[in-house]
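A.B. asks: A single structure is presented below for examination.
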Amino acid sequence: MLAYQLSDYGKPESHDALDIDAPTPASNEVVIRTEAIGLNYPDLLMVQGLYQKRPEPPFVPGRDSAGTIISVGDNVTTFKPGDKVVAQTFSGGFSEQVLAPVNRVFHRPDGVSAVDAAGAITVFNTAFVAVSIRAGVKKGDRVVVTGAAGGVGAAAIQVAHNLGAEVLAIVSSEEKAALARASGAQKTLIIADRSEDALKTFFKSNVRTAWGDDRGADVVVDTVGGAMFQAGLRGLGFAGRIVVVGFASGNIPAAKTNYLLYNNLSVMGAPLDIHFDHALDQIRGGADWWLNLLAEGKAVANVTKQIPFAELMQGLADIRDQKVVGKIVVTLDPAE
Ligand SMILES: NC(=O)c1ccc[n+]([C@@H]2O[C@H](COP(=O)([O-])OP(=O)(O)OC[C@H]3O[C@@H](n4cnc5c(N)ncnc54)[C@H](OP(=O)(O)O)[C@@H]3O)[C@@H](O)[C@H]2O)c1
């Protein structure tokens, strides 16, 4: 079978698909015939050796895949060959067959395609951790999402919207504002100037007052980091909380604790991967919930581009070069 097995870390263009042995499942694993692979910003970091965890090459990267189960390990009772599934693995996804631990595999409801499920799994699971598990967003909350047309941002809008929140999306262009509105944001604000001063003024004078009163936002879900995080604190009202999801700007900010103290604010992290270890039931409950939202048409995966397996690394290069609005998904011929 073909797989992007890395012999070394490097830029996306330096990796080719190789013919390697097909996997066999251990007792608590399944093997999935891949029909679709979702590409994410962390995949881009992983192939370059820039992700927080660095497996020793050779290894196959790739976290999001969907397809059909072809074999199961001896202890697996919840899946059988032929089941339609979506998986979120730590690695191994960039392959025609994916070996997955059973706790990272989810049934795909009728009406959710492999393409949509693969495009959605990391971003919706992350959004669920950030918006529901960590921030505890409930009906009527005011939620600001930064990088709101990005993969996680658009999913965060939809999770918050479906929990009954009023969502304000922060984006850098009208094209991105349209995607944020389509995801369920009631309000969008555009700011292309990413300098610290411009962002702070914008959050204080435009974001905090966007609802027409002085209450401010209850929650900011920040996927951008850097100056956007610092500015995000200015958008929060009493007992506001900012959720650190990622650093798409490439800049890891430090929070001034006096500002948190004087304004009664909380900062919280939302790491998806370790929730699989510490809160698996909540992740699985969340995935069932948002997969059903997709099936019922109450949420969308925002897959804007599909590419063949041979172009997978070009897809990661496009994410690096900020050419992608929405989600990019690799499709494989199920007959292969
Ligand atoms: N917590 C977790 O477990 C977890 C899981 C998945 C991803 N993440 C992280 O979350 C972040 C967002 O991921 P994503 O998949 O949503 O990324 P994405 O699709 O590339 O979107 C990132 C958004 O950030 C904004 N942005 C602002 N400054 C940017 C810059 N200098 N370069 C690139 N984008 C910039 C862009 O929106 P505008 O142009 O509108 O500003 C862009 O749409 C990443 O740091 C990723 O590593 C965390």
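Here's how to read the names in the structure tokens: chain A, B, ... by the order shown, residue numbers from 1 in each chain, ligand numbers from 1 in the order shown.
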Please extract the residues at most 7 Å from ligand 1, counting only C-alpha atoms and all ligand atoms, and provide them as a PyMOL selection string, using the chain letters and residue numbers of this document.
C.D. replies: chain A and resi 40-42+122-123+126+147-153+170-173+176+223-224+245-250+270-273+319+322+325-326
A.B. asks: Run DSSP on the backbone of this structure and report the residues of region 237-284 of chain A it assigns to alpha helix (DSSP H), as a PyMOL selection string.
C.D. replies: chain A and resi 257-263+272-278+280-284
A.B. asks: Select, from A:Glu29, A:Ala177, A:Ala317, A:Ala310, the residue with the minimum atom-to-atom distance to Gly10 (chain A), counting only C-alpha atoms.
C.D. replies: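 Among the listed residues, the smallest separation from Gly10 (chain A) belongs to A:Ala317.
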A.B. asks: With distances taken over only C-alpha atoms, which of A:Ala299, A:Val207, A:Ile37, A:Lys11 is nearest to Ala156 (chain A)?
C.D. replies: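 Of A:Ala299, A:Val207, A:Ile37, A:Lys11, the one nearest Ala156 (chain A) is A:Ala299, counting only C-alpha atoms.
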A.B. asks: Mind checking which residues fall within 6 Å of region 64-73 of chain A, counting only C-alpha atoms, ignoring those fewer than 5 positions away in the same chain, and posting them as an NGL selection string?
C.D. replies: :A and (25-38 or 81-88 or 93 or 114 or 118)
A.B. asks: State, in Å with one decimal place, the distance from CA of Pro55 (chain A) to CA of Asp21 (chain A).
C.D. replies: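 Between CA of Pro55 (chain A) and CA of Asp21 (chain A) the gap is 19.3 Å.
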A.B. asks: Can you check which residues of region 36-277 of chain A DSSP gives as strand (DSSP E or B) on the backbone and send them as an MDAnalysis selection string?
C.D. replies: chainID A and resid 36:38 59 64:72 84:88 95 97:101 105:107 142:146 166:171 187:190 217:222 236:244 266:269
A.B. asks: Choose the residue, out of A:Asp110, A:Asn103, A:Asp213, A:Asn162, that has the smallest atom-to-atom separation from Asp277 (chain A); count only C-alpha atoms.
C.D. replies: A:Asn103
A.B. asks: My list of candidates is A:Arg234, A:Lys327, A:Lys187, A:His278. Which is closest to Phe202 (chain A) when distances are computed with only C-alpha atoms?
C.D. replies: A:Arg234
A.B. asks: Please determine, counting only C-alpha atoms, which residue among A:Val324, A:Ala22, A:Leu99, A:Met313 has the shortest atom-to-atom distance to Gln48 (chain A).
C.D. replies: A:Met313
